[in-house]
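Asks: A single structure is presented below for examination.
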Amino acid sequence: MTDVPTTQYATDRNLAARQHLWASGREPAFDMFGWTLDLGGVGQAGDDRILDVGCGNGNYEKALAARGHRGQVVPMDMSAGMLTTVPSTQRVQADAQALPFRPRSFDLVLAPHMLYHVPDIGLAATELRRVLRDGARCVAVTNGQGNLREVRDLIESSIGNAWTMQRSSDRFSLENGADQLAVAFDDIVRVDCPPGHVVVRDAEALAGYVASIGDLFESQVTKPWTEVVEDLRSEAAHRIGRDGEMRLSTSVGAFVCR
């Protein structure tokens, strides 16, 4: 991993807070997990052998189970604490830069919202390709640089002093990810999710999101992060009280690689 604090992913608490914000409601409605599996060619009751690299708390495993997937699914993550939440007996704790699997072991490799955490993205891409059978797909999901830009702008405004928020996802984004994957894959197709908004009607959902990223940024600023959280909670409550909701722009997509 990069210099992400060990507290960030020691458990799924911070990830769950971010997922809670996204679950506030998206307009138009959109099933991120189903969309990603469709890109991977996963149908109903399939039998492909699938590796989920950076599985987090197991949402793709749940989506595969809902499809009646019959093939082997291997959820893998660096965080032992995260893996305890994944509904699987095949859980593997490992580094994406050194996958503990034989070459050409999988029919599909998922890399959802995780490559931007890896120190050597090119090495990880090479490993993803190595364990993929010839002609099969790797689906790497990530954000665009404009994703949730309203939250970034509010955080920067709260902190002031011309501080700029450098998000880890900018290391591997929709804008720059294809070139980094090209060290390992010959065929890379970028597919963007349909444009939309996260619609927030509960200020606590936004406050929880901001609190969840505190350990990533609080060492860079002099203002206590708890005050940043309160500023955004107050602003969200004001906008929701005035407009009935707060809309956050989304920019998410995937690279389908062969």
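Following the order of the structure tokens, first chain is A, next is B, and so on, with residues numbered from 1 inside each chain and ligands from 1 in the order they appear.
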Which neighbours of Ser105 of chain A fall inside 7 Å, counting only C-alpha atoms, when residues of the same chain fewer than 3 positions from it are skipped, and could you give them as a PyMOL selection string?
Replies: chain A and resi 101-102+131-133
Asks: Can you write just those residues out, C-alpha atoms, as a PDB file, in the first residue's frame?
Replies:
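Output (again.pdb):
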```pdb
ATOM      1  CA  PHE A 101      -1.580 -17.489  -7.353  1.00  0.00           C
ATOM      2  CA  ARG A 102      -0.268 -19.397 -10.338  1.00  0.00           C
ATOM      3  CA  VAL A 131      -2.966 -14.576 -13.033  1.00  0.00           C
ATOM      4  CA  LEU A 132      -5.535 -14.001 -15.797  1.00  0.00           C
ATOM      5  CA  ARG A 133      -6.046 -16.701 -18.394  1.00  0.00           C
TER       6      ARG A 133
END
```
Asks: Write out as a JSON list (two decimals) with N, CA, C and O atoms, in the first residue's frame the residues lying within 8 Å of Asp52 of chain A, counting only C-alpha atoms and excluding same-chain residues fewer than 3 positions away.
Replies:
```json
[["chain", "number", "residue", "atom", "x", "y", "z"],
["A", 55, "CYS", "N", -10.95, -6.57, -2.05],
["A", 55, "CYS", "CA", -12.39, -6.89, -1.96],
["A", 55, "CYS", "C", -13.13, -6.05, -0.94],
["A", 55, "CYS", "O", -14.36, -6.03, -0.92],
["A", 60, "TYR", "N", -18.96, -7.21, -3.77],
["A", 60, "TYR", "CA", -18.99, -7.96, -5.04],
["A", 60, "TYR", "C", -19.29, -9.44, -4.79],
["A", 60, "TYR", "O", -19.95, -10.10, -5.60],
["A", 73, "VAL", "N", -14.97, -18.09, -6.18],
["A", 73, "VAL", "CA", -14.72, -16.66, -6.01],
["A", 73, "VAL", "C", -13.72, -16.50, -4.88],
["A", 73, "VAL", "O", -13.96, -16.98, -3.77],
["A", 74, "VAL", "N", -12.61, -15.83, -5.18],
["A", 74, "VAL", "CA", -11.55, -15.64, -4.18],
["A", 74, "VAL", "C", -11.48, -14.15, -3.82],
["A", 74, "VAL", "O", -10.99, -13.34, -4.61],
["A", 75, "PRO", "N", -11.98, -13.77, -2.63],
["A", 75, "PRO", "CA", -11.86, -12.39, -2.19],
["A", 75, "PRO", "C", -10.48, -12.17, -1.55],
["A", 75, "PRO", "O", -10.08, -12.93, -0.66],
["A", 76, "MET", "N", -9.78, -11.13, -1.96],
["A", 76, "MET", "CA", -8.43, -10.87, -1.47],
["A", 76, "MET", "C", -8.29, -9.41, -1.04],
["A", 76, "MET", "O", -8.79, -8.51, -1.71],
["A", 109, "VAL", "N", -10.64, -11.11, -13.30],
["A", 109, "VAL", "CA", -10.03, -10.44, -12.15],
["A", 109, "VAL", "C", -10.70, -9.08, -11.98],
["A", 109, "VAL", "O", -10.78, -8.30, -12.93],
["A", 110, "LEU", "N", -11.19, -8.83, -10.78],
["A", 110, "LEU", "CA", -11.77, -7.54, -10.43],
["A", 110, "LEU", "C", -10.76, -6.75, -9.61],
["A", 110, "LEU", "O", -10.12, -7.30, -8.70],
["A", 111, "ALA", "N", -10.62, -5.46, -9.92],
["A", 111, "ALA", "CA", -9.75, -4.57, -9.13],
["A", 111, "ALA", "C", -10.55, -3.29, -8.87],
["A", 111, "ALA", "O", -10.34, -2.26, -9.51],
["A", 112, "PRO", "N", -11.51, -3.36, -7.95],
["A", 112, "PRO", "CA", -12.45, -2.24, -7.76],
["A", 112, "PRO", "C", -11.95, -1.20, -6.76],
["A", 112, "PRO", "O", -11.74, -1.49, -5.59]]
```
Asks: Choose the residue, out of A:Asp192, A:Glu127, A:Asp186, A:Asp179, that has the smallest atom-to-atom separation from Thr142 of chain A; count only C-alpha atoms.
Replies: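 Checking each candidate against Thr142 of chain A, we get A:Asp192 as the closest.
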Asks: Which one of A:Asn147, A:Ser79, A:Asn176, A:Ser249 sits closest to Gln8 of chain A if you count only C-alpha atoms?
Replies: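 Result for the nearest residue to Gln8 of chain A: A:Ser79.
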Asks: Contacts of Ala125 of chain A at 12 Å or less, counting only C-alpha atoms, minus same-chain residues fewer than 5 places along, as a count of residues only?
Replies: 35
Asks: If you measure from atom CA of Gly46 of chain A to atom CA of Phe30 of chain A, what distance in Å do you get, rounded to one decimal?
Replies: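 Pair atom CA of Gly46 of chain A / atom CA of Phe30 of chain A returns 22.4 Å.
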Asks: Write out as a ChimeraX atom specification all residues of segment 79-215 of chain A that DSSP puts in alpha helix (DSSP H) for this structure's backbone.
Replies: /A:80-83,121-130,149-159,177-181,203-212,214-215
Asks: Residues of segment 100-179 of chain A that have any atom at most 9 Å from an atom of segment 214-217 of chain A: could you tabulate them with the shortest-distance atom pair and the distance in Å to one decimal, using only C-alpha atoms, ordered by chain and increasing number, as JSON lines?
Replies:
```
{"residue": "A:Met165", "atom": "CA", "partner": "A:Phe217", "partner_atom": "CA", "distance": 8.1}
{"residue": "A:Gln166", "atom": "CA", "partner": "A:Phe217", "partner_atom": "CA", "distance": 8.9}
{"residue": "A:Arg167", "atom": "CA", "partner": "A:Leu216", "partner_atom": "CA", "distance": 8.9}
```
Asks: What does the file look like for those residues with N, CA and C atoms, as a short mmCIF file (atom, residue, chain, number, x, y, z; two decimals), in the first residue's frame?
Replies:
```cif
data_model
loop_
_atom_site.label_atom_id
_atom_site.label_comp_id
_atom_site.auth_asym_id
_atom_site.auth_seq_id
_atom_site.Cartn_x
_atom_site.Cartn_y
_atom_site.Cartn_z
N MET A 165 -6.62 19.77 -1.66
CA MET A 165 -6.88 18.38 -1.28
C MET A 165 -6.39 17.44 -2.39
N GLN A 166 -5.34 16.69 -2.11
CA GLN A 166 -4.81 15.73 -3.07
C GLN A 166 -5.33 14.34 -2.71
N ARG A 167 -6.30 13.88 -3.46
CA ARG A 167 -6.92 12.59 -3.14
C ARG A 167 -6.12 11.44 -3.72
#
```
